[in-house]
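Source file: entry.txt. Holds: compact mmCIF, C-alpha atoms.
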```txt
# COMPACT_ATOMS: atom_id res chain seq x y z
CA MET A 733 0.00 0.00 0.00
CA PRO A 734 1.67 3.28 -1.11
CA ALA A 735 2.20 5.64 1.81
CA GLY A 736 4.20 8.70 2.67
CA ILE A 737 4.55 11.89 4.63
CA PHE A 738 5.12 15.55 3.92
CA THR A 739 5.68 18.69 5.96
CA VAL A 740 3.57 21.84 6.28
CA SER A 741 5.10 24.97 7.80
CA THR A 742 2.50 27.31 9.18
CA SER A 743 3.17 30.99 9.84
CA LYS A 744 0.18 32.07 11.94
CA THR A 745 -1.64 31.00 15.10
CA MET A 746 -4.59 29.89 13.01
CA GLN A 747 -4.34 29.22 9.31
CA LEU A 748 -5.78 27.05 6.55
CA SER A 749 -2.99 25.82 4.26
CA ASP A 750 -3.89 24.42 0.86
CA ILE A 751 -2.14 21.03 0.60
CA THR A 752 -3.95 19.81 -2.52
CA LEU A 753 -0.80 19.93 -4.64
CA GLN A 754 1.23 17.85 -2.18
CA VAL A 755 -1.55 15.26 -2.00
CA GLN A 756 -1.89 15.19 -5.80
CA LYS A 757 1.89 14.66 -6.08
CA ALA A 758 1.62 11.72 -3.68
CA VAL A 759 -1.16 10.23 -5.80
CA ALA A 760 0.90 10.69 -8.97
CA ALA A 761 3.97 9.09 -7.37
CA SER A 762 1.91 6.08 -6.27
CA THR A 763 0.95 5.39 -9.92
CA ILE A 764 -2.46 4.24 -8.61
CA MET A 765 -5.07 5.18 -11.18
CA ASP A 766 -8.22 4.19 -9.35
CA GLY A 767 -8.65 4.11 -5.58
CA VAL A 768 -9.02 5.99 -2.33
CA CYS A 769 -6.53 8.44 -0.83
CA HIS A 770 -6.56 8.85 2.94
CA VAL A 771 -4.83 11.89 4.43
CA TYR A 772 -4.05 11.93 8.15
CA ASN A 773 -3.00 14.66 10.58
CA PRO A 774 -1.00 13.32 13.58
CA HIS A 775 -1.32 16.52 15.66
CA THR A 776 -3.87 17.27 18.41
CA THR A 777 -4.21 21.01 17.79
CA ALA A 778 -4.65 20.81 14.03
CA GLY A 779 -6.99 19.15 11.56
CA LEU A 780 -7.82 18.51 7.93
CA THR A 781 -10.79 19.78 5.95
CA ILE A 782 -12.02 20.07 2.38
CA ASN A 783 -13.61 23.36 1.38
CA GLU A 784 -13.60 26.12 -1.23
CA GLY A 785 -10.18 27.12 -2.53
CA ALA A 786 -11.13 29.69 -5.19
CA ASP A 787 -11.80 32.65 -2.89
CA PRO A 788 -9.29 32.94 0.01
CA ASP A 789 -11.95 34.86 1.95
CA VAL A 790 -13.72 31.55 2.59
CA GLN A 791 -10.68 30.36 4.55
CA THR A 792 -10.66 33.57 6.58
CA ASP A 793 -14.39 33.25 7.25
CA ILE A 794 -14.09 29.61 8.39
CA LEU A 795 -11.39 30.54 10.90
CA ALA A 796 -13.36 33.57 12.14
CA ALA A 797 -16.42 31.38 12.64
CA LEU A 798 -14.47 28.66 14.49
CA GLN A 799 -13.06 31.27 16.86
CA LYS A 800 -16.60 32.39 17.68
CA ILE A 801 -18.01 28.85 17.84
CA VAL A 802 -15.49 27.57 20.39
CA PRO A 803 -16.21 29.45 23.63
CA GLN A 804 -13.68 31.17 25.88
CA LEU A 805 -14.16 29.16 29.06
CA GLN A 806 -12.12 28.66 32.20
CA TYR A 807 -10.42 25.65 30.66
CA ARG A 808 -8.49 23.26 32.92
CA HIS A 809 -5.72 22.28 30.50
CA GLN A 810 -2.81 24.48 31.60
CA GLU A 811 -1.21 24.89 28.20
CA GLY A 812 -3.89 27.44 27.28
CA ASN A 813 -4.63 25.87 23.90
CA SER A 814 -7.86 24.04 24.72
CA PRO A 815 -9.81 25.90 21.99
CA ALA A 816 -7.32 24.47 19.45
CA HIS A 817 -7.96 20.94 20.78
CA VAL A 818 -11.72 21.49 20.49
CA MET A 819 -11.37 22.75 16.91
CA ALA A 820 -9.29 19.66 16.07
CA SER A 821 -12.18 17.41 17.13
CA LEU A 822 -14.79 19.55 15.33
CA VAL A 823 -12.92 19.50 12.02
CA GLY A 824 -11.51 15.98 12.29
CA SER A 825 -8.11 14.35 11.94
CA SER A 826 -8.39 12.79 8.50
CA ILE A 827 -10.00 13.22 5.11
CA THR A 828 -10.73 10.74 2.36
CA VAL A 829 -10.67 11.62 -1.34
CA PHE A 830 -11.25 9.36 -4.33
CA ILE A 831 -8.76 8.80 -7.14
CA GLU A 832 -9.95 8.50 -10.73
CA ASN A 833 -7.61 8.20 -13.71
CA GLY A 834 -4.67 8.91 -11.43
CA ARG A 835 -6.06 12.20 -10.17
CA LEU A 836 -7.87 13.38 -7.04
CA GLN A 837 -11.60 13.40 -7.75
CA LEU A 838 -12.32 16.72 -6.01
CA GLY A 839 -15.34 18.88 -6.75
CA THR A 840 -14.89 21.98 -8.93
CA TRP A 841 -14.30 24.34 -6.00
CA GLN A 842 -12.81 21.90 -3.51
CA LYS A 843 -9.27 22.05 -2.14
CA ILE A 844 -7.72 20.07 0.72
CA PHE A 845 -6.65 22.22 3.67
CA PHE A 846 -4.37 21.57 6.60
CA CYS A 847 -5.95 23.43 9.54
CA GLU A 848 -3.47 25.00 11.92
CA PHE A 849 -5.13 25.93 15.22
CA ASP A 850 -2.08 26.48 17.46
CA GLY A 851 0.77 27.71 15.28
CA PRO A 852 3.05 28.71 13.89
CA ARG A 853 4.65 25.28 13.77
CA SER A 854 6.20 22.73 11.47
CA ARG A 855 3.59 20.01 11.00
CA LYS A 856 3.48 16.60 9.38
CA VAL A 857 0.81 15.16 7.11
CA LEU A 858 0.57 11.43 6.38
CA TRP A 859 -1.07 9.85 3.34
CA ARG A 860 -1.91 6.34 2.31
CA ILE A 861 -3.57 5.08 -0.85
CA ALA A 862 -5.83 2.04 -1.02
CA MET B 81 -12.66 -0.97 -7.21
CA PRO B 82 -16.43 -0.50 -7.71
CA ALA B 83 -17.37 3.18 -7.85
CA GLY B 84 -20.25 5.36 -8.94
CA ILE B 85 -22.23 8.52 -8.56
CA PHE B 86 -25.84 9.50 -7.93
CA THR B 87 -27.79 12.73 -7.76
CA VAL B 88 -29.67 14.35 -4.88
CA SER B 89 -32.17 17.12 -5.57
CA THR B 90 -32.73 19.33 -2.58
CA SER B 91 -35.79 21.53 -2.20
CA LYS B 92 -34.87 23.83 0.70
CA THR B 93 -32.03 26.16 1.73
CA MET B 94 -31.04 23.72 4.46
CA GLN B 95 -32.11 20.11 4.45
CA LEU B 96 -30.99 16.64 5.50
CA SER B 97 -31.81 14.11 2.75
CA ASP B 98 -31.77 10.42 3.62
CA ILE B 99 -29.57 8.74 0.97
CA THR B 100 -29.27 5.36 2.71
CA LEU B 101 -31.26 3.58 0.01
CA GLN B 102 -29.11 4.93 -2.83
CA VAL B 103 -25.94 3.88 -0.99
CA GLN B 104 -27.38 0.44 -0.24
CA LYS B 105 -28.27 0.04 -3.93
CA ALA B 106 -24.68 0.91 -4.85
CA VAL B 107 -23.43 -1.72 -2.40
CA ALA B 108 -25.80 -4.33 -3.82
CA ALA B 109 -24.76 -3.52 -7.40
CA SER B 110 -21.08 -3.89 -6.49
CA THR B 111 -21.74 -7.49 -5.33
CA ILE B 112 -19.11 -6.92 -2.62
CA MET B 113 -20.17 -8.87 0.46
CA ASP B 114 -17.54 -7.72 2.92
CA GLY B 115 -15.74 -4.39 2.85
CA VAL B 116 -15.85 -0.65 3.37
CA CYS B 117 -18.09 1.83 1.55
CA HIS B 118 -16.83 5.40 1.27
CA VAL B 119 -19.35 8.11 0.34
CA TYR B 120 -18.04 11.50 -0.82
CA ASN B 121 -19.66 14.91 -1.29
CA PRO B 122 -17.88 17.06 -3.95
CA HIS B 123 -19.63 20.33 -2.95
CA THR B 124 -18.30 23.05 -0.63
CA THR B 125 -21.63 24.14 0.87
CA ALA B 126 -22.90 20.66 1.68
CA GLY B 127 -21.79 17.65 3.69
CA LEU B 128 -22.53 14.09 4.73
CA THR B 129 -23.49 12.80 8.16
CA ILE B 130 -24.85 9.69 9.85
CA ASN B 131 -27.54 10.20 12.46
CA GLU B 132 -31.00 9.07 13.56
CA GLY B 133 -33.49 8.42 10.78
CA ALA B 134 -36.49 7.14 12.74
CA ASP B 135 -37.81 10.49 13.99
CA PRO B 136 -37.64 13.28 11.36
CA ASP B 137 -37.59 15.80 14.22
CA VAL B 138 -33.96 14.88 14.82
CA GLN B 139 -33.09 16.19 11.35
CA THR B 140 -34.96 19.43 12.06
CA ASP B 141 -33.20 19.79 15.40
CA ILE B 142 -29.74 19.22 13.91
CA LEU B 143 -30.34 21.96 11.33
CA ALA B 144 -31.73 24.34 13.94
CA ALA B 145 -28.70 23.76 16.13
CA LEU B 146 -26.25 24.28 13.26
CA GLN B 147 -27.90 27.59 12.40
CA LYS B 148 -27.36 28.74 16.00
CA ILE B 149 -23.85 27.29 16.27
CA VAL B 150 -22.49 29.08 13.20
CA PRO B 151 -22.48 32.80 14.04
CA GLN B 152 -23.79 35.64 11.89
CA LEU B 153 -20.58 37.60 11.37
CA GLN B 154 -19.49 40.25 8.90
CA TYR B 155 -18.13 37.58 6.58
CA ARG B 156 -15.75 38.61 3.79
CA HIS B 157 -16.85 36.07 1.15
CA GLN B 158 -19.17 38.08 -1.08
CA GLU B 159 -21.48 35.24 -2.07
CA GLY B 160 -23.16 35.47 1.34
CA ASN B 161 -23.02 31.74 1.99
CA SER B 162 -20.09 31.59 4.40
CA PRO B 163 -22.21 29.92 7.12
CA ALA B 164 -22.85 27.08 4.65
CA HIS B 165 -19.09 26.70 4.05
CA VAL B 166 -18.49 26.58 7.81
CA MET B 167 -21.19 23.94 8.29
CA ALA B 168 -19.58 21.89 5.50
CA SER B 169 -16.31 21.77 7.45
CA LEU B 170 -18.05 21.02 10.76
CA VAL B 171 -20.00 18.08 9.38
CA GLY B 172 -17.35 16.81 6.96
CA SER B 173 -17.20 15.87 3.29
CA SER B 174 -17.24 12.07 3.52
CA ILE B 175 -18.54 9.18 5.57
CA THR B 176 -17.36 5.60 5.84
CA VAL B 177 -19.68 2.66 6.49
CA PHE B 178 -18.83 -1.02 6.74
CA ILE B 179 -20.35 -3.73 4.54
CA GLU B 180 -21.23 -7.13 6.02
CA ASN B 181 -22.99 -9.86 4.07
CA GLY B 182 -23.56 -7.44 1.21
CA ARG B 183 -25.37 -4.89 3.36
CA LEU B 184 -24.46 -1.60 5.05
CA GLN B 185 -23.60 -2.33 8.67
CA LEU B 186 -25.45 0.68 10.13
CA GLY B 187 -26.63 0.88 13.73
CA THR B 188 -30.33 0.30 14.48
CA TRP B 189 -31.27 3.99 14.26
CA GLN B 190 -28.63 5.20 11.82
CA LYS B 191 -29.30 6.57 8.36
CA ILE B 192 -26.91 8.30 5.96
CA PHE B 193 -27.83 11.92 5.23
CA PHE B 194 -26.78 14.33 2.53
CA CYS B 195 -26.60 17.74 4.24
CA GLU B 196 -27.71 20.64 2.06
CA PHE B 197 -26.58 23.96 3.51
CA ASP B 198 -27.08 26.28 0.52
CA GLY B 199 -29.96 24.94 -1.55
CA PRO B 200 -32.11 24.19 -3.24
CA ARG B 201 -29.76 22.61 -5.77
CA SER B 202 -29.05 19.46 -7.72
CA ARG B 203 -26.13 17.77 -5.98
CA LYS B 204 -23.88 14.82 -6.71
CA VAL B 205 -22.78 12.09 -4.34
CA LEU B 206 -19.84 9.80 -5.14
CA TRP B 207 -19.27 6.34 -3.68
CA ARG B 208 -16.45 3.85 -3.81
CA ILE B 209 -16.19 0.41 -2.23
CA ALA B 210 -12.96 -1.14 -0.97
CA MET C 328 -10.84 -8.18 5.36
CA PRO C 329 -10.24 -8.48 9.13
CA ALA C 330 -13.13 -7.03 11.12
CA GLY C 331 -14.51 -7.12 14.63
CA ILE C 332 -16.42 -5.44 17.40
CA PHE C 333 -15.83 -4.54 21.02
CA THR C 334 -17.88 -3.02 23.83
CA VAL C 335 -17.43 0.24 25.72
CA SER C 336 -19.27 0.76 29.01
CA THR C 337 -19.70 4.41 29.84
CA SER C 338 -20.43 5.65 33.36
CA LYS C 339 -21.45 9.27 32.80
CA THR C 340 -23.88 11.29 30.69
CA MET C 341 -20.99 12.70 28.69
CA GLN C 342 -17.59 11.08 28.66
CA LEU C 343 -14.57 10.53 26.43
CA SER C 344 -13.32 6.95 26.78
CA ASP C 345 -9.84 6.09 25.54
CA ILE C 346 -10.24 3.03 23.27
CA THR C 347 -6.72 3.13 21.78
CA LEU C 348 -5.72 -0.13 23.47
CA GLN C 349 -8.75 -2.02 22.16
CA VAL C 350 -8.09 -0.76 18.64
CA GLN C 351 -4.38 -1.64 18.90
CA LYS C 352 -5.34 -5.15 20.05
CA ALA C 353 -7.60 -5.50 17.01
CA VAL C 354 -4.74 -4.43 14.75
CA ALA C 355 -2.37 -6.92 16.41
CA ALA C 356 -4.90 -9.75 16.09
CA SER C 357 -5.36 -9.00 12.38
CA THR C 358 -1.61 -9.56 11.80
CA ILE C 359 -1.80 -6.80 9.17
CA MET C 360 1.49 -4.92 9.21
CA ASP C 361 0.73 -2.14 6.77
CA GLY C 362 -2.69 -0.70 6.05
CA VAL C 363 -5.61 1.41 7.20
CA CYS C 364 -7.77 0.82 10.28
CA HIS C 365 -11.33 2.14 10.17
CA VAL C 366 -13.22 2.45 13.48
CA TYR C 367 -17.00 2.92 13.38
CA ASN C 368 -19.57 3.96 15.99
CA PRO C 369 -23.08 2.55 15.26
CA HIS C 370 -24.88 4.84 17.76
CA THR C 371 -26.65 8.14 17.03
CA THR C 372 -25.87 9.89 20.33
CA ALA C 373 -22.17 9.06 20.40
CA GLY C 374 -19.13 9.57 18.22
CA LEU C 375 -15.43 8.94 17.73
CA THR C 376 -12.57 11.41 17.86
CA ILE C 377 -8.79 11.53 18.02
CA ASN C 378 -7.25 14.04 20.41
CA GLU C 379 -4.73 14.46 23.22
CA GLY C 380 -4.56 11.61 25.72
CA ALA C 381 -1.68 12.75 27.95
CA ASP C 382 -3.58 15.31 30.04
CA PRO C 383 -7.11 14.17 31.02
CA ASP C 384 -8.07 17.83 31.39
CA VAL C 385 -8.19 18.07 27.59
CA GLN C 386 -11.04 15.56 27.58
CA THR C 387 -12.89 17.55 30.23
CA ASP C 388 -12.35 20.77 28.27
CA ILE C 389 -13.61 19.25 25.00
CA LEU C 390 -16.83 18.12 26.68
CA ALA C 391 -17.31 21.49 28.41
CA ALA C 392 -16.85 23.27 25.08
CA LEU C 393 -19.28 20.97 23.26
CA GLN C 394 -21.93 21.62 25.92
CA LYS C 395 -21.55 25.35 25.31
CA ILE C 396 -21.33 25.04 21.53
CA VAL C 397 -24.58 23.11 21.14
CA PRO C 398 -27.38 25.50 22.14
CA GLN C 399 -30.27 24.78 24.48
CA LEU C 400 -33.19 25.24 22.08
CA GLN C 401 -36.82 24.23 22.12
CA TYR C 402 -35.97 21.01 20.31
CA ARG C 403 -38.78 18.99 18.72
CA HIS C 404 -37.39 15.49 19.31
CA GLN C 405 -39.31 14.31 22.37
CA GLU C 406 -36.58 12.13 23.83
CA GLY C 407 -34.80 15.24 25.09
CA ASN C 408 -31.41 14.19 23.78
CA SER C 409 -31.19 16.37 20.67
CA PRO C 410 -27.94 18.02 21.83
CA ALA C 411 -26.37 14.54 21.91
CA HIS C 412 -27.50 13.93 18.31
CA VAL C 413 -26.02 17.28 17.25
CA MET C 414 -22.70 16.47 18.96
CA ALA C 415 -22.66 13.11 17.17
CA SER C 416 -22.78 14.89 13.80
CA LEU C 417 -20.19 17.49 14.83
CA VAL C 418 -17.64 14.91 15.98
CA GLY C 419 -18.45 12.24 13.38
CA SER C 420 -19.24 8.54 13.40
CA SER C 421 -15.91 7.08 12.29
CA ILE C 422 -12.18 7.63 12.40
CA THR C 423 -9.40 6.32 10.18
CA VAL C 424 -5.89 5.56 11.44
CA PHE C 425 -2.93 4.20 9.52
CA ILE C 426 -1.09 0.99 10.42
CA GLU C 427 2.70 0.81 10.07
CA ASN C 428 4.77 -2.19 11.16
CA GLY C 429 1.69 -3.70 12.75
CA ARG C 430 1.03 -0.70 14.98
CA LEU C 431 -1.34 2.29 14.89
CA GLN C 432 0.52 5.25 13.41
CA LEU C 433 -0.83 7.83 15.88
CA GLY C 434 0.89 11.13 16.64
CA THR C 435 2.88 11.46 19.87
CA TRP C 436 -0.04 12.86 21.89
CA GLN C 437 -2.93 11.26 20.03
CA LYS C 438 -5.34 8.74 21.49
CA ILE C 439 -8.59 7.40 20.03
CA PHE C 440 -11.68 8.31 22.05
CA PHE C 441 -15.20 6.96 22.10
CA CYS C 442 -17.43 9.99 22.74
CA GLU C 443 -20.45 9.27 24.91
CA PHE C 444 -23.02 12.07 24.65
CA ASP C 445 -26.10 10.37 26.17
CA GLY C 446 -24.91 7.86 28.75
CA PRO C 447 -24.30 5.96 30.78
CA ARG C 448 -24.79 3.05 28.38
CA SER C 449 -23.16 -0.07 27.02
CA ARG C 450 -21.92 0.82 23.53
CA LYS C 451 -20.45 -1.06 20.61
CA VAL C 452 -17.49 -0.10 18.45
CA LEU C 453 -16.81 -1.75 15.09
CA TRP C 454 -13.44 -1.95 13.36
CA ARG C 455 -12.28 -3.09 9.98
CA ILE C 456 -8.77 -3.17 8.52
CA ALA C 457 -7.96 -2.63 4.85
```
Take the structure from the file and write it as structure tokens.
Amino acid sequence: MPAGIFTVSTSKTMQLSDITLQVQKAVAASTIMDGVCHVYNPHTTAGLTINEGADPDVQTDILAALQKIVPQLQYRHQEGNSPAHVMASLVGSSITVFIENGRLQLGTWQKIFFCEFDGPRSRKVLWRIA
Amino acid sequence: MPAGIFTVSTSKTMQLSDITLQVQKAVAASTIMDGVCHVYNPHTTAGLTINEGADPDVQTDILAALQKIVPQLQYRHQEGNSPAHVMASLVGSSITVFIENGRLQLGTWQKIFFCEFDGPRSRKVLWRIA
Amino acid sequence: MPAGIFTVSTSKTMQLSDITLQVQKAVAASTIMDGVCHVYNPHTTAGLTINEGADPDVQTDILAALQKIVPQLQYRHQEGNSPAHVMASLVGSSITVFIENGRLQLGTWQKIFFCEFDGPRSRKVLWRIA
């Protein structure tokens, strides 16, 4: 089963980074023409999502909404990044995309985003193709 | 790897549409008795979820809650559907269900729902069985 | 395709239960060294998530945040557990983890959690390895 890993360097506390190209390169390298690509985030204050990539304002709006959605409580976790952990569970730690004719079968407006919720950091992204 | 696509026509701005039957038909057509069925939504203002199908009030309640959860902000995206994009990332773009004896291995109360967040529209749903 | 089921007994209304060990045991029993492990929750008022396992306060904080995030509305569903259904759709019904050298390829701080949102109950968790 083809598998691999790549790095994402984030530059802000919260950021959506388009990783579609890296995932597409992994698919191309695998030479699998027809299958399922799983992408996995091994971090607990980050996530993966698929959403619109055409207008960067959508990314800004998603982050603004998440900051409002996750409340500012008297959290117990002493590191002070509990909202980032909550966002990680809301967004999820993996995404699945189909492969058709050796290419990611994304919708017209869809891109794959690494979601940084507690950056900036150097992050890893794992992929595996079935 | 068996794969296919079907259409969902939504009639409201926000709506949960039970697509369990279409997915079960895809599984039956594949003749795979034992495996994993991945269902994928290629749209950025829609999603897929698994939840209770017995009482339609649960669907109404989920939509009412999502409308409260996603705040009304001064969003930048000019199309005015940023809340729908946020809901798409909260709910997720794919679901995975197991197949046992040629049937979806859903829990007693579970149904698979296409989540329309910016309708009404004609939408596509992709499936692939491993 | 190796597959199985195990039980989780929850003791509170809302609780995150670490099921990493049970999933790792399933992976070991499958003797699959390299692949993808899918874990599935067949209940409509529960979910599965991957998050930090080192500090139990993170689990407490995630539950506290979810209780704030999901509003107290005049829900229609007469069972009174609509917030639990909403949480189930926010967190999701399945998780996917990679297997490398016969072990779950989790990040340093990651654990797999069964999310009880309407307990205490005896719950089932399904797994399948591809």
Tell me the residues of chain C close to chain B, meaning within 8 Å using all atoms listed in the file, as a ChimeraX atom specification.
/C:328,367,369-371,396-398,400,402-404,409,412-413,415-421,455,457
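Counting only C-alpha atoms and comparing C:Thr358, C:Gln342, C:Thr347, C:Gln401, the residue that lies closest to Phe444 (chain C) is C:Gln342.
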Provide the CA of Gly374 (chain C) to CA of Lys856 (chain A) distance in Å, to one decimal place.
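Rounded to one decimal, the two atoms are 25.3 Å apart.
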Pick out the residues sitting within 8 Å of Ser336 (chain C), and hand them over as a list in words; count all atoms listed in the file, and ignore anything fewer than 6 positions along from it in its own chain.
Pro447, Arg448, Ser449 and Arg450 of chain C
Output C-alpha atoms of each residue in that selection to a file, as a PDB file, in the coordinates of the input.
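File produced: out37.pdb:
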```
ATOM      1  CA  PRO C 447     -24.300   5.960  30.780  1.00  0.00           C
ATOM      2  CA  ARG C 448     -24.790   3.050  28.380  1.00  0.00           C
ATOM      3  CA  SER C 449     -23.160  -0.070  27.020  1.00  0.00           C
ATOM      4  CA  ARG C 450     -21.920   0.820  23.530  1.00  0.00           C
TER       5      ARG C 450
END
```
Give the centre and edge lengths of an axis-aligned box, in Å to one decimal, that holds all listed atoms of region 136-148 of chain B with 5 Å on each side, as JSON.
```
{"center_x": -31.9, "center_y": 21.0, "center_z": 13.7, "size_x": 21.4, "size_y": 25.5, "size_z": 14.8}
```
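Taking CA of Asn368 (chain C) and CA of Val771 (chain A) as endpoints, the distance between them is 20.3 Å.
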Atomic separation - CA of Gly851 (chain A) relative to CA of Phe440 (chain C), Å:
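Distance reported for this atom pair: 24.0 Å.
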For Ser357 (chain C), find every residue with an atom within 9 Å (counting only C-alpha atoms), except residues of its own chain fewer than 6 positions away, and show them as JSON, numbers by chain.
{"C": [328, 329, 330, 429, 456]}
Residue neighbourhood Ala355 (chain C), 9 Å, only C-alpha atoms, exclusion window fewer than 5 positions, as a PyMOL selection string:
chain C and resi 350+360+429-430
Output the selection as a PDB file, in the coordinates of the input - C-alpha atoms for each residue.
```
ATOM      1  CA  VAL C 350      -8.090  -0.760  18.640  1.00  0.00           C
ATOM      2  CA  MET C 360       1.490  -4.920   9.210  1.00  0.00           C
ATOM      3  CA  GLY C 429       1.690  -3.700  12.750  1.00  0.00           C
ATOM      4  CA  ARG C 430       1.030  -0.700  14.980  1.00  0.00           C
TER       5      ARG C 430
END
```
Of the candidates C:Leu431, C:Ile332, C:Ala381, C:Ala411, which shows the shortest atom-to-atom distance to Asp345 (chain C), using only C-alpha atoms?
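Under the stated criterion, the closest residue is C:Ala381.
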